$ cat my_file14.cif   # mmCIF, C-alpha atoms and all ligand atoms
data_input
#
loop_
_atom_site.label_atom_id
_atom_site.label_comp_id
_atom_site.auth_asym_id
_atom_site.auth_seq_id
_atom_site.Cartn_x
_atom_site.Cartn_y
_atom_site.Cartn_z
CA MET A 24 0.00 0.00 0.00
CA SER A 25 1.30 3.45 -0.89
CA ILE A 26 1.76 5.99 1.86
CA ARG A 27 1.80 9.55 0.56
CA ILE A 28 2.92 12.52 2.61
CA ASN A 29 -0.20 14.26 3.83
CA THR A 30 -0.61 17.56 1.95
CA ALA A 31 -2.18 19.10 5.07
CA LEU A 32 1.09 18.44 6.91
CA ILE A 33 3.10 20.03 4.09
CA ASP A 34 0.81 23.08 4.18
CA GLU A 35 0.97 23.32 7.96
CA LEU A 36 4.77 23.26 8.10
CA ASN A 37 5.06 25.57 5.10
CA GLY A 38 2.69 27.97 6.86
CA LYS A 39 5.16 28.39 9.69
CA LEU A 40 8.01 29.23 7.30
CA THR A 41 6.25 31.33 4.68
CA ALA A 42 6.66 34.77 6.29
CA GLY A 43 10.42 34.25 6.70
CA LEU A 44 10.74 32.93 3.16
CA ASP A 45 8.83 35.90 1.74
CA GLU A 46 11.23 38.27 3.49
CA ASP A 47 14.35 36.42 2.29
CA TYR A 48 12.94 36.12 -1.23
CA ALA A 49 12.19 39.85 -1.39
CA ALA A 50 15.68 40.72 -0.13
CA LEU A 51 17.32 38.44 -2.70
CA GLY A 52 15.00 39.82 -5.39
CA ASN A 53 16.17 43.36 -4.57
CA LYS A 54 19.80 42.31 -4.64
CA LEU A 55 19.45 40.59 -8.00
CA ALA A 56 17.46 43.52 -9.41
CA ARG A 57 20.41 45.82 -8.61
CA HIS A 58 22.41 43.63 -11.00
CA GLY A 59 19.73 43.70 -13.68
CA MET A 60 18.28 40.24 -12.90
CA ASP A 61 14.63 39.38 -12.48
CA ILE A 62 14.17 36.91 -9.63
CA GLU A 63 10.85 35.73 -11.04
CA ALA A 64 12.50 34.63 -14.28
CA ILE A 65 15.09 32.69 -12.29
CA THR A 66 12.45 31.08 -10.06
CA ALA A 67 10.62 29.97 -13.21
CA ARG A 68 13.81 28.15 -14.28
CA ALA A 69 14.08 26.53 -10.85
CA ILE A 70 10.49 25.32 -11.20
CA ASP A 71 11.25 23.76 -14.59
CA PHE A 72 14.46 22.09 -13.45
CA GLU A 73 14.32 18.31 -13.14
CA VAL A 74 16.80 15.64 -12.13
CA ALA A 75 15.90 11.93 -12.27
CA VAL A 76 16.19 9.62 -9.28
CA PRO A 77 17.91 6.24 -9.71
CA SER A 78 15.57 3.43 -8.67
CA TRP A 79 18.46 1.71 -6.91
CA GLY A 80 19.21 4.85 -4.87
CA VAL A 81 16.21 4.41 -2.57
CA GLY A 82 17.71 1.23 -1.12
CA THR A 83 20.52 1.44 1.42
CA GLY A 84 23.86 0.89 -0.28
CA GLY A 85 26.94 -0.71 1.10
CA THR A 86 30.63 -1.19 0.54
CA ARG A 87 32.58 -4.31 -0.30
CA PHE A 88 33.03 -4.76 3.45
CA ALA A 89 29.46 -4.67 4.65
CA ARG A 90 25.98 -3.40 4.12
CA PHE A 91 23.94 -2.15 7.04
CA PRO A 92 20.29 -2.38 5.96
CA GLY A 93 18.02 0.52 6.76
CA GLN A 94 14.51 0.39 8.16
CA GLY A 95 11.67 -0.21 5.73
CA GLU A 96 13.73 -0.57 2.59
CA PRO A 97 11.74 -1.10 -0.60
CA ARG A 98 11.62 -4.76 -1.57
CA ASP A 99 10.70 -4.36 -5.23
CA VAL A 100 10.32 -1.72 -7.89
CA PHE A 101 6.72 -0.97 -6.91
CA GLU A 102 7.85 -0.06 -3.42
CA LYS A 103 10.80 1.88 -4.83
CA LEU A 104 8.24 3.97 -6.72
CA ASP A 105 6.47 4.80 -3.46
CA ASP A 106 9.70 6.19 -2.02
CA CYS A 107 10.42 8.08 -5.24
CA ALA A 108 6.99 9.67 -4.98
CA VAL A 109 7.83 10.96 -1.50
CA ILE A 110 11.03 12.51 -2.80
CA ASN A 111 9.16 14.22 -5.61
CA ASP A 112 6.17 15.28 -3.53
CA LEU A 113 8.45 17.19 -1.17
CA SER A 114 11.18 18.41 -3.53
CA ARG A 115 9.06 18.81 -6.70
CA GLN A 116 11.99 18.33 -9.02
CA THR A 117 12.39 14.58 -9.38
CA SER A 118 9.35 13.41 -11.34
CA SER A 119 11.28 10.81 -13.32
CA ILE A 120 12.90 7.54 -12.34
CA SER A 121 15.84 5.81 -13.97
CA PRO A 122 15.36 2.04 -13.66
CA HIS A 123 18.03 -0.66 -13.60
CA PHE A 124 17.45 -4.08 -15.20
CA PRO A 125 17.14 -6.87 -14.28
CA TRP A 126 16.87 -5.45 -10.74
CA ASP A 127 13.59 -3.73 -11.68
CA ALA A 128 12.22 -6.31 -14.12
CA VAL A 129 8.57 -7.27 -13.57
CA ASP A 130 6.12 -9.60 -15.27
CA ASP A 131 3.55 -6.89 -15.74
CA PHE A 132 5.01 -3.66 -17.14
CA ALA A 133 1.53 -2.24 -17.69
CA ALA A 134 0.94 -2.41 -13.93
CA LEU A 135 4.24 -0.62 -13.34
CA VAL A 136 3.30 2.15 -15.77
CA GLU A 137 -0.10 2.46 -14.15
CA LYS A 138 1.43 2.79 -10.72
CA SER A 139 3.99 5.38 -11.84
CA GLU A 140 1.25 7.40 -13.56
CA ASN A 141 -0.86 7.36 -10.41
CA LEU A 142 2.11 8.71 -8.47
CA GLY A 143 2.84 11.41 -11.06
CA LEU A 144 6.13 9.79 -12.10
CA THR A 145 7.65 9.00 -15.50
CA TRP A 146 10.58 6.83 -16.62
CA ASP A 147 13.97 8.13 -17.64
CA SER A 148 17.05 6.34 -19.03
CA ILE A 149 17.18 2.55 -18.75
CA ASN A 150 20.34 1.06 -17.21
CA SER A 151 21.43 -2.40 -18.26
CA ASN A 152 23.42 -4.69 -16.01
CA THR A 153 26.04 -7.03 -17.40
CA PHE A 154 28.41 -6.49 -14.49
CA GLN A 155 26.79 -9.18 -12.35
CA ASP A 156 25.68 -12.75 -12.94
CA GLN A 157 22.00 -13.45 -12.47
CA PRO A 158 20.59 -16.74 -11.15
CA GLY A 159 20.30 -19.30 -13.92
CA GLN A 160 22.41 -17.29 -16.37
CA GLU A 161 24.19 -19.49 -18.89
CA HIS A 162 27.44 -17.58 -19.39
CA SER A 163 29.31 -15.78 -16.62
CA TYR A 164 30.44 -12.14 -16.78
CA LYS A 165 33.41 -12.86 -14.56
CA TYR A 166 35.76 -11.99 -17.42
CA GLY A 167 33.60 -9.39 -19.10
CA SER A 168 30.39 -9.00 -21.04
CA LEU A 169 30.13 -6.92 -24.24
CA SER A 170 33.90 -7.25 -24.69
CA HIS A 171 34.23 -10.86 -23.49
CA THR A 172 36.63 -13.10 -25.41
CA ASP A 173 33.84 -15.65 -25.83
CA GLN A 174 31.25 -14.88 -28.50
CA ALA A 175 28.37 -16.63 -26.74
CA THR A 176 28.92 -14.48 -23.65
CA ARG A 177 28.98 -11.33 -25.76
CA GLU A 178 25.76 -12.41 -27.45
CA GLN A 179 24.12 -12.98 -24.09
CA ALA A 180 25.13 -9.46 -22.98
CA ILE A 181 23.78 -8.01 -26.25
CA ALA A 182 20.51 -9.91 -25.80
CA HIS A 183 20.12 -8.46 -22.29
CA ASN A 184 20.60 -4.92 -23.60
CA LEU A 185 18.05 -5.55 -26.36
CA GLN A 186 15.65 -6.80 -23.72
CA CYS A 187 16.27 -3.59 -21.75
CA ILE A 188 15.29 -1.52 -24.78
CA GLU A 189 12.09 -3.52 -25.13
CA TRP A 190 11.22 -3.04 -21.46
CA GLY A 191 12.15 0.62 -21.75
CA GLN A 192 9.76 1.06 -24.65
CA GLN A 193 6.98 -0.32 -22.51
CA LEU A 194 7.83 2.27 -19.87
CA GLY A 195 7.96 5.13 -22.37
CA SER A 196 11.70 5.70 -22.03
CA ASN A 197 13.96 6.60 -24.95
CA THR A 198 17.51 6.11 -23.71
CA LEU A 199 19.66 3.11 -22.88
CA THR A 200 22.66 3.73 -20.62
CA VAL A 201 25.39 1.14 -20.90
CA TRP A 202 28.02 0.81 -18.25
CA VAL A 203 30.16 -2.32 -18.30
CA GLY A 204 32.57 -3.43 -15.62
CA ASP A 205 34.67 -5.14 -18.30
CA GLY A 206 38.39 -4.81 -17.81
CA SER A 207 41.35 -6.61 -16.33
CA ASN A 208 43.05 -7.02 -12.98
CA HIS A 209 46.53 -7.98 -14.14
CA PRO A 210 48.86 -6.41 -16.67
CA GLY A 211 48.86 -8.64 -19.73
CA GLN A 212 45.53 -10.26 -18.84
CA ALA A 213 43.64 -8.49 -21.62
CA HIS A 214 44.75 -7.20 -25.00
CA PHE A 215 43.63 -3.56 -24.85
CA GLN A 216 42.92 -3.14 -28.56
CA ARG A 217 41.23 -6.48 -29.13
CA ALA A 218 39.00 -6.00 -26.07
CA PHE A 219 37.97 -2.55 -27.32
CA GLU A 220 37.30 -3.96 -30.80
CA ARG A 221 35.04 -6.65 -29.36
CA TYR A 222 33.22 -4.05 -27.26
CA LEU A 223 32.70 -1.85 -30.32
CA ASP A 224 31.38 -4.77 -32.36
CA SER A 225 28.82 -5.58 -29.66
CA MET A 226 27.83 -1.92 -29.32
CA LYS A 227 27.39 -1.65 -33.09
CA THR A 228 24.81 -4.43 -32.92
CA LEU A 229 22.99 -2.56 -30.17
CA TYR A 230 23.19 0.74 -32.01
CA ALA A 231 21.73 -0.84 -35.15
CA ALA A 232 18.79 -2.12 -33.09
CA LEU A 233 18.02 1.23 -31.43
CA PRO A 234 14.47 2.43 -32.05
CA ASP A 235 14.41 5.65 -34.14
CA ASN A 236 13.78 8.03 -31.24
CA TRP A 237 16.27 6.38 -28.88
CA GLU A 238 19.79 7.33 -27.84
CA ILE A 239 22.43 5.09 -26.34
CA HIS A 240 24.57 6.61 -23.60
CA ILE A 241 27.98 5.19 -22.81
CA GLU A 242 29.20 5.56 -19.23
CA HIS A 243 32.93 5.50 -18.54
CA LYS A 244 34.62 4.62 -15.26
CA MET A 245 38.31 4.64 -14.48
CA PHE A 246 38.44 1.51 -12.32
CA GLU A 247 36.35 -0.89 -10.23
CA PRO A 248 35.44 -3.70 -10.39
CA ALA A 249 38.45 -4.13 -12.69
CA PHE A 250 41.47 -2.71 -10.88
CA TYR A 251 44.12 -2.64 -13.58
CA SER A 252 42.35 -1.63 -16.78
CA THR A 253 38.79 -0.90 -17.79
CA VAL A 254 37.52 -1.10 -21.36
CA ILE A 255 35.75 2.29 -21.26
CA GLN A 256 38.02 3.83 -18.66
CA ASP A 257 37.68 7.52 -19.44
CA TRP A 258 35.98 10.11 -21.60
CA GLY A 259 38.59 9.52 -24.34
CA SER A 260 37.58 5.90 -24.92
CA ASN A 261 33.99 6.94 -24.36
CA ILE A 262 33.87 9.62 -27.05
CA LEU A 263 35.85 7.41 -29.45
CA ALA A 264 33.22 4.70 -29.05
CA ALA A 265 30.37 7.21 -29.36
CA MET A 266 31.91 8.67 -32.55
CA GLU A 267 32.45 5.24 -34.00
CA LEU A 268 28.81 4.31 -33.40
CA GLY A 269 27.04 7.40 -34.72
CA GLU A 270 25.03 10.49 -33.89
CA ARG A 271 22.67 8.85 -31.41
CA ALA A 272 25.48 7.43 -29.29
CA LYS A 273 26.59 9.85 -26.60
CA SER A 274 28.74 9.94 -23.50
CA LEU A 275 27.44 9.95 -19.96
CA VAL A 276 29.49 11.57 -17.22
CA ASP A 277 29.26 10.05 -13.75
CA LEU A 278 31.03 12.52 -11.47
CA GLY A 279 32.61 9.75 -9.38
CA HIS A 280 34.25 7.97 -12.29
CA HIS A 281 37.37 10.08 -12.74
CA ALA A 282 40.80 10.39 -11.21
CA PRO A 283 40.92 12.68 -8.17
CA ASN A 284 41.29 16.36 -9.12
CA CYS A 285 40.30 15.65 -12.70
CA ASN A 286 38.94 18.74 -14.46
CA ILE A 287 35.48 17.32 -15.12
CA GLU A 288 34.00 20.62 -16.26
CA MET A 289 36.50 20.70 -19.08
CA ILE A 290 35.48 17.19 -20.16
CA VAL A 291 31.90 18.43 -20.16
CA SER A 292 32.88 21.35 -22.38
CA ARG A 293 34.60 19.07 -24.89
CA LEU A 294 31.64 16.70 -25.03
CA ILE A 295 29.29 19.64 -25.57
CA GLN A 296 31.47 21.01 -28.36
CA PHE A 297 31.34 17.74 -30.26
CA ARG A 298 27.61 17.10 -29.54
CA LYS A 299 28.42 14.05 -27.52
CA LEU A 300 27.17 14.99 -24.07
CA GLY A 301 24.38 12.50 -23.31
CA GLY A 302 23.87 13.08 -19.64
CA PHE A 303 25.08 12.90 -16.07
CA HIS A 304 25.08 10.69 -13.06
CA PHE A 305 25.42 13.26 -10.29
CA ASN A 306 27.06 12.35 -7.01
CA ASP A 307 30.14 13.50 -5.12
CA SER A 308 33.44 11.95 -4.28
CA LYS A 309 36.49 12.46 -2.11
CA TYR A 310 38.62 9.51 -3.24
CA GLY A 311 37.10 7.30 -5.93
CA ASP A 312 33.61 6.21 -6.89
CA ASP A 313 32.39 7.15 -3.43
CA ASP A 314 28.80 7.79 -4.54
CA LEU A 315 28.38 10.48 -1.89
CA ASP A 316 25.52 12.97 -1.91
CA SER A 317 25.73 15.59 -4.65
CA GLY A 318 27.48 18.75 -3.61
CA SER A 319 28.59 17.31 -0.27
CA ILE A 320 32.32 17.48 -1.03
CA HIS A 321 32.91 19.66 -4.10
CA PRO A 322 30.04 22.12 -4.51
CA TYR A 323 32.26 24.49 -6.51
CA GLN A 324 33.09 21.76 -9.00
CA GLN A 325 29.40 21.06 -9.46
CA PHE A 326 28.83 24.77 -10.02
CA LEU A 327 31.64 24.91 -12.59
CA ILE A 328 30.04 21.99 -14.45
CA PHE A 329 26.76 23.89 -14.54
CA ASN A 330 28.66 26.96 -15.70
CA GLU A 331 29.53 24.96 -18.83
CA LEU A 332 25.97 23.71 -19.21
CA VAL A 333 24.38 27.14 -18.84
CA ASP A 334 27.01 28.58 -21.16
CA ALA A 335 26.05 26.01 -23.83
CA GLU A 336 22.41 26.96 -23.43
CA TYR A 337 23.31 30.68 -23.57
CA ARG A 338 25.26 30.15 -26.81
CA GLN A 339 22.41 27.97 -28.13
CA GLN A 340 24.87 25.21 -28.85
CA GLU A 341 23.47 22.84 -31.43
CA GLY A 342 22.52 19.34 -30.29
CA PHE A 343 22.66 20.29 -26.62
CA GLY A 344 20.21 18.67 -24.21
CA PRO A 345 21.81 16.34 -21.66
CA ARG A 346 19.84 14.19 -19.22
CA TYR A 347 20.30 14.90 -15.55
CA LEU A 348 20.24 11.90 -13.23
CA LEU A 349 21.46 11.14 -9.73
CA ASP A 350 23.51 8.01 -9.06
CA GLN A 351 24.47 7.64 -5.44
CA SER A 352 24.79 5.04 -2.73
CA HIS A 353 23.51 5.91 0.72
CA ASN A 354 25.28 3.85 3.33
CA VAL A 355 24.60 5.73 6.56
CA THR A 356 21.73 8.09 5.76
CA ASP A 357 18.06 7.63 5.00
CA PRO A 358 18.14 7.39 1.18
CA ILE A 359 15.01 9.54 0.84
CA GLU A 360 16.68 12.35 2.76
CA SER A 361 19.92 12.04 0.81
CA LEU A 362 18.15 12.04 -2.55
CA MET A 363 16.09 15.11 -1.68
CA ASN A 364 19.21 16.92 -0.50
CA SER A 365 21.13 15.92 -3.62
CA ALA A 366 18.38 16.97 -6.00
CA ILE A 367 18.31 20.36 -4.30
CA GLU A 368 22.10 20.69 -4.48
CA VAL A 369 22.12 19.94 -8.22
CA GLN A 370 19.34 22.46 -8.74
CA ARG A 371 21.28 24.96 -6.61
CA ALA A 372 24.34 24.63 -8.87
CA PHE A 373 22.16 25.22 -11.91
CA ILE A 374 20.48 28.32 -10.47
CA LYS A 375 23.79 29.80 -9.32
CA ALA A 376 25.22 29.25 -12.80
CA LEU A 377 22.29 31.21 -14.22
CA LEU A 378 23.45 34.21 -12.18
CA ILE A 379 26.80 34.44 -13.96
CA ASP A 380 27.03 37.63 -15.99
CA ARG A 381 28.10 36.01 -19.27
CA PRO A 382 28.89 39.12 -21.38
CA VAL A 383 30.96 40.49 -18.50
CA LEU A 384 32.79 37.16 -18.10
CA GLU A 385 33.47 37.02 -21.81
CA GLY A 386 34.93 40.53 -21.65
CA PHE A 387 37.32 39.50 -18.87
CA GLN A 388 38.28 36.37 -20.80
CA ASP A 389 39.03 38.39 -23.93
CA SER A 390 41.11 40.92 -22.02
CA ASN A 391 42.92 38.17 -20.09
CA ASP A 392 41.79 39.54 -16.74
CA ALA A 393 42.17 36.34 -14.74
CA ILE A 394 41.22 37.81 -11.35
CA MET A 395 38.05 39.49 -12.53
CA ALA A 396 36.99 36.46 -14.59
CA SER A 397 37.38 34.25 -11.53
CA ASN A 398 35.59 36.81 -9.32
CA THR A 399 32.69 36.91 -11.77
CA LEU A 400 32.18 33.19 -11.26
CA LYS A 401 32.65 33.53 -7.52
CA ALA A 402 30.08 36.34 -7.29
CA ALA A 403 27.46 33.96 -8.64
CA PHE A 404 28.67 30.99 -6.59
CA ASN A 405 28.68 33.01 -3.37
CA THR A 406 25.09 34.17 -3.78
CA ASP A 407 22.76 32.22 -1.52
CA VAL A 408 19.93 31.15 -3.80
CA SER A 409 18.12 29.10 -1.14
CA PRO A 410 15.06 31.42 -1.15
CA ILE A 411 14.61 30.80 -4.90
CA LEU A 412 14.80 27.03 -4.45
CA ALA A 413 12.39 27.09 -1.50
CA MET A 414 9.97 29.36 -3.35
CA ALA A 415 10.06 27.04 -6.38
CA ARG A 416 9.10 24.12 -4.14
CA LEU A 417 6.39 26.08 -2.34
CA ARG A 418 4.75 27.23 -5.57
CA GLN A 419 4.59 23.65 -6.83
CA GLY A 420 3.03 22.31 -3.66
CA GLY A 421 6.30 20.96 -2.25
CA ALA A 422 7.92 21.59 1.10
CA ILE A 423 9.85 24.71 2.04
CA ASP A 424 11.92 22.44 4.28
CA PRO A 425 11.70 18.94 2.73
CA ILE A 426 13.74 17.10 5.35
CA ALA A 427 11.92 18.59 8.35
CA THR A 428 8.59 17.80 6.68
CA TYR A 429 9.69 14.25 5.85
CA ARG A 430 10.77 13.66 9.44
CA ALA A 431 7.54 15.13 10.81
CA SER A 432 5.55 12.78 8.55
CA ASP A 433 7.07 9.71 10.22
CA TYR A 434 7.04 8.05 6.77
CA ARG A 435 10.01 5.79 7.45
CA ALA A 436 8.55 4.28 10.63
CA GLN A 437 5.13 3.89 9.02
CA ILE A 438 6.43 2.23 5.89
CA ALA A 439 8.73 -0.03 7.93
CA LYS A 440 5.64 -1.68 9.39
CA GLU A 441 4.64 -2.74 5.89
CA ARG A 442 8.13 -3.72 4.82
CA PRO A 443 9.39 -5.79 7.69
CA ASP A 444 12.61 -7.03 6.13
CA SER A 445 14.23 -6.01 2.89
CA GLY A 446 16.65 -8.93 2.86
CA GLY A 447 18.78 -6.78 0.56
CA SER A 448 17.99 -3.94 -1.79
CA GLY A 449 18.73 -5.89 -4.95
CA SER A 450 21.22 -3.24 -5.95
CA GLY A 451 24.92 -3.82 -6.06
CA ILE A 452 27.79 -1.97 -4.48
CA VAL A 453 29.28 -0.63 -7.68
C1 LIG B 1 28.83 2.04 -11.83
O1 LIG B 1 29.64 2.40 -10.79
C2 LIG B 1 27.56 2.90 -11.86
O2 LIG B 1 27.90 4.24 -11.75
C3 LIG B 1 26.74 2.61 -13.10
O3 LIG B 1 25.99 3.76 -13.44
C4 LIG B 1 25.84 1.54 -12.61
O4 LIG B 1 24.72 1.34 -13.45
C5 LIG B 1 25.48 2.08 -11.24
O5 LIG B 1 26.72 2.57 -10.77
C6 LIG B 1 24.85 1.11 -10.29
O6 LIG B 1 25.72 0.08 -9.95
MN MN B 2 26.75 5.79 -12.73
#
$ encode --input "my_file14.cif" --output "structure tokens" --more "lines below"
Ligand code: PSV
Ligand code: MN
Amino acid sequence: MSIRINTALIDELNGKLTAGLDEDYAALGNKLARHGMDIEAITARAIDFEVAVPSWGVGTGGTRFARFPGQGEPRDVFEKLDDCAVINDLSRQTSSISPHFPWDAVDDFAALVEKSENLGLTWDSINSNTFQDQPGQEHSYKYGSLSHTDQATREQAIAHNLQCIEWGQQLGSNTLTVWVGDGSNHPGQAHFQRAFERYLDSMKTLYAALPDNWEIHIEHKMFEPAFYSTVIQDWGSNILAAMELGERAKSLVDLGHHAPNCNIEMIVSRLIQFRKLGGFHFNDSKYGDDDLDSGSIHPYQQFLIFNELVDAEYRQQEGFGPRYLLDQSHNVTDPIESLMNSAIEVQRAFIKALLIDRPVLEGFQDSNDAIMASNTLKAAFNTDVSPILAMARLRQGGAIDPIATYRASDYRAQIAKERPDSGGSGSGIV
């Protein structure tokens, strides 16, 4: 049974915060007006902004050492949808879900669509999974999938991806995201070129089978589970593969899949320039693929990424329109709280990037004024746009303070009564 957050509770808690918000919003509006910006136009952009929630994100994650299950974890995709609805009802910016197959496979896709429609949710990019063996599977992915040395194993991985497209069509999606864990753990174990050739051959079969309105997004990752080499290890291999395949193959940037200190915003710029930016998996990272909450470690980096995205929109760059998705693992927090926070932090980076005075920045770039160019970015980054984000939620029926409202609703304790034991979230630790 679905438990929705009571709208009367949202209204009641919003009521207590509205006067303060109105004051802060007016003050920020005045400040922005002094710089020639209309706060209402910016709030309208905040209202339109959407980032998709990963279905696997509502389960508690884990590490390769342990997983500490949370209370009332969803046991199947229908229950995951209930949690996703809570996130969207309070934050009002996550109305789409990115599913992962076969974790989210069901017998009756029509029932899944019906349930998502009833909750006001739609389906975003489909993620395939050939990084794990499933019960009863004929060929193992221990030594790879789309790039495996054995043809039958490659064919099995291709068939799974084709199945994902079919399921995705039933859900109304139009994008397949392919991340493979294929790689090697020992120098010499794999022939780099031959492995990449096999991967490309498999991907060509998938590309040829893509429905007309579909895109295929390739996700790179530097290491893990393969700890010496990975077939699509970085944006270089990624864009090469995407170029080899064709126009509807694009690259997906997961923020946690790069070397520490990597200039991700510059990668984003390059992908935009060559019309190859498919989308994002937002999360944050201190060391590796930490899958921490978005903006929790490097908020300035996230802002600089959005600087590139808003710049592309400002320049009306052809072929620009990436998908925004979260991809995180919540090990010690309530996943609903983390996902709401993260969605807000991604939206915050976008709104701050909208405040950058682009003609002024361009002038400083052209005159090589490094300090003033940097300060122009900082002026936008240092502006607290919280009142805009809160107002955007309020005007859409969401919560001014989503976490306080969620806690007051007691949703987790209530839902735990109906979901006594998750026995595992079904999602992996990669
Ligand atoms: C791999 O680390 C990844 O980022 C891919 O997007 C997977 O689909 C996801 O995590 C879940 O394991
Ligand atoms: Mn990812």
$ closest_residue --input "my_file14.cif" --among "A:Arg418, A:His321, A:Arg338, A:Arg27" --to "Tyr434 in chain A" --atoms "only C-alpha atoms"
A:Arg27
$ residues_around --input "my_file14.cif" --residues "range 100-108 of chain A" --least-positions-apart "5" --cutoff "9 Å" --atoms "only C-alpha atoms" --output "number ranges by chain"
A: 24-27, 76-82, 113, 117-120, 122, 126-129, 135, 138-139, 142-144, 359
$ closest_residue --input "my_file14.cif" --among "A:His214, A:Lys401, A:Arg346, A:His304" --to "ligand LIG 1 (chain B)" --atoms "only C-alpha atoms and all ligand atoms"
A:His304
$ axis_aligned_box --input "my_file14.cif" --around "range 70-84 of chain A" --padding-each-side "5 Å" --output "lines of an AutoDock Vina configuration file"
center_x = 17.2
center_y = 13.1
center_z = -6.6
size_x = 23.4
size_y = 34.4
size_z = 26.0
$ atom_distance --input "my_file14.cif" --atom1 "CA of Asp173 in chain A" --atom2 "CA of Ile262 in chain A"
25.3 Å
$ atom_distance --input "my_file14.cif" --atom1 "CA of Phe303 in chain A" --atom2 "CA of Tyr347 in chain A"
5.2 Å
$ residues_near_ligand --input "my_file14.cif" --ligand "ligand LIG 1 (chain B)" --cutoff "8 Å" --atoms "all atoms listed in the file" --output "MDAnalysis selection string"
chainID A and resid 79 123 150:152 200:204 242 244 247 277 279:280 304 312 350:351 450:453
$ write_last_selection --input "my_file14.cif" --atoms "C-alpha atoms" --output "PDB file, in the frame of the given file"
ATOM      1  CA  TRP A  79      18.460   1.710  -6.910  1.00  0.00           C
ATOM      2  CA  HIS A 123      18.030  -0.660 -13.600  1.00  0.00           C
ATOM      3  CA  ASN A 150      20.340   1.060 -17.210  1.00  0.00           C
ATOM      4  CA  SER A 151      21.430  -2.400 -18.260  1.00  0.00           C
ATOM      5  CA  ASN A 152      23.420  -4.690 -16.010  1.00  0.00           C
ATOM      6  CA  THR A 200      22.660   3.730 -20.620  1.00  0.00           C
ATOM      7  CA  VAL A 201      25.390   1.140 -20.900  1.00  0.00           C
ATOM      8  CA  TRP A 202      28.020   0.810 -18.250  1.00  0.00           C
ATOM      9  CA  VAL A 203      30.160  -2.320 -18.300  1.00  0.00           C
ATOM     10  CA  GLY A 204      32.570  -3.430 -15.620  1.00  0.00           C
ATOM     11  CA  GLU A 242      29.200   5.560 -19.230  1.00  0.00           C
ATOM     12  CA  LYS A 244      34.620   4.620 -15.260  1.00  0.00           C
ATOM     13  CA  GLU A 247      36.350  -0.890 -10.230  1.00  0.00           C
ATOM     14  CA  ASP A 277      29.260  10.050 -13.750  1.00  0.00           C
ATOM     15  CA  GLY A 279      32.610   9.750  -9.380  1.00  0.00           C
ATOM     16  CA  HIS A 280      34.250   7.970 -12.290  1.00  0.00           C
ATOM     17  CA  HIS A 304      25.080  10.690 -13.060  1.00  0.00           C
ATOM     18  CA  ASP A 312      33.610   6.210  -6.890  1.00  0.00           C
ATOM     19  CA  ASP A 350      23.510   8.010  -9.060  1.00  0.00           C
ATOM     20  CA  GLN A 351      24.470   7.640  -5.440  1.00  0.00           C
ATOM     21  CA  SER A 450      21.220  -3.240  -5.950  1.00  0.00           C
ATOM     22  CA  GLY A 451      24.920  -3.820  -6.060  1.00  0.00           C
ATOM     23  CA  ILE A 452      27.790  -1.970  -4.480  1.00  0.00           C
ATOM     24  CA  VAL A 453      29.280  -0.630  -7.680  1.00  0.00           C
TER      25      VAL A 453
END
$ residues_near_point --input "my_file14.cif" --point "(32.8, 21.6, -29.5)" --cutoff "12 Å" --atoms "only C-alpha atoms" --output "list in words"
Met289, Ile290, Val291, Ser292, Arg293, Leu294, Ile295, Gln296, Phe297, Arg298, Lys299, Leu300, Glu331, Ala335, Arg338, Gln340, Glu341, Gly342 and Phe343 of chain A
$ residues_around --input "my_file14.cif" --residues "Ser352 in chain A" --least-positions-apart "6" --cutoff "7 Å" --atoms "all atoms listed in the file" --output "PDB file with C-alpha atoms, in the frame of the given file"
ATOM      1  CA  GLY A  80      19.210   4.850  -4.870  1.00  0.00           C
ATOM      2  CA  THR A  83      20.520   1.440   1.420  1.00  0.00           C
ATOM      3  CA  GLY A  84      23.860   0.890  -0.280  1.00  0.00           C
ATOM      4  CA  ASP A 314      28.800   7.790  -4.540  1.00  0.00           C
ATOM      5  CA  LEU A 315      28.380  10.480  -1.890  1.00  0.00           C
TER       6      LEU A 315
END
$ closest_residue --input "my_file14.cif" --among "A:Ile110, A:Ala422, A:Ile33, A:Leu349" --to "ligand MN 2 (chain B)" --atoms "only C-alpha atoms and all ligand atoms"
A:Leu349
$ closest_residue --input "my_file14.cif" --among "A:Ala402, A:Thr253, A:Glu267, A:Met245" --to "His209 in chain A" --atoms "all atoms listed in the file"
A:Thr253
$ residues_around --input "my_file14.cif" --residues "Phe373 in chain A" --least-positions-apart "2" --cutoff "12 Å" --atoms "all atoms listed in the file" --output "number ranges by chain"
A: 65-66, 68-74, 318, 322-334, 336, 347, 366-371, 375-379, 403-404, 408, 411-412
$ closest_residue --input "my_file14.cif" --among "A:Leu278, A:Met266, A:Ile423, A:Ala249" --to "ligand MN 2 (chain B)" --atoms "all atoms listed in the file"
A:Leu278
$ closest_residue --input "my_file14.cif" --among "A:Glu441, A:Glu360, A:Asp156, A:Asp257" --to "Ser114 in chain A" --atoms "all atoms listed in the file"
A:Glu360
$ atom_distance --input "my_file14.cif" --atom1 "CA of Val109 in chain A" --atom2 "CA of Gly93 in chain A"
16.8 Å
$ residues_around --input "my_file14.cif" --residues "Gly420 in chain A" --least-positions-apart "5" --cutoff "10 Å" --atoms "only C-alpha atoms" --output "compact mmCIF listing (two decimals) with C-alpha atoms, keeping the file's coordinate frame"
# COMPACT_ATOMS: atom_id res chain seq x y z
CA THR A 30 -0.61 17.56 1.95
CA ILE A 33 3.10 20.03 4.09
CA ASP A 34 0.81 23.08 4.18
CA ASN A 37 5.06 25.57 5.10
CA ASP A 112 6.17 15.28 -3.53
CA LEU A 113 8.45 17.19 -1.17
CA SER A 114 11.18 18.41 -3.53
CA ARG A 115 9.06 18.81 -6.70
CA MET A 414 9.97 29.36 -3.35
CA ALA A 415 10.06 27.04 -6.38
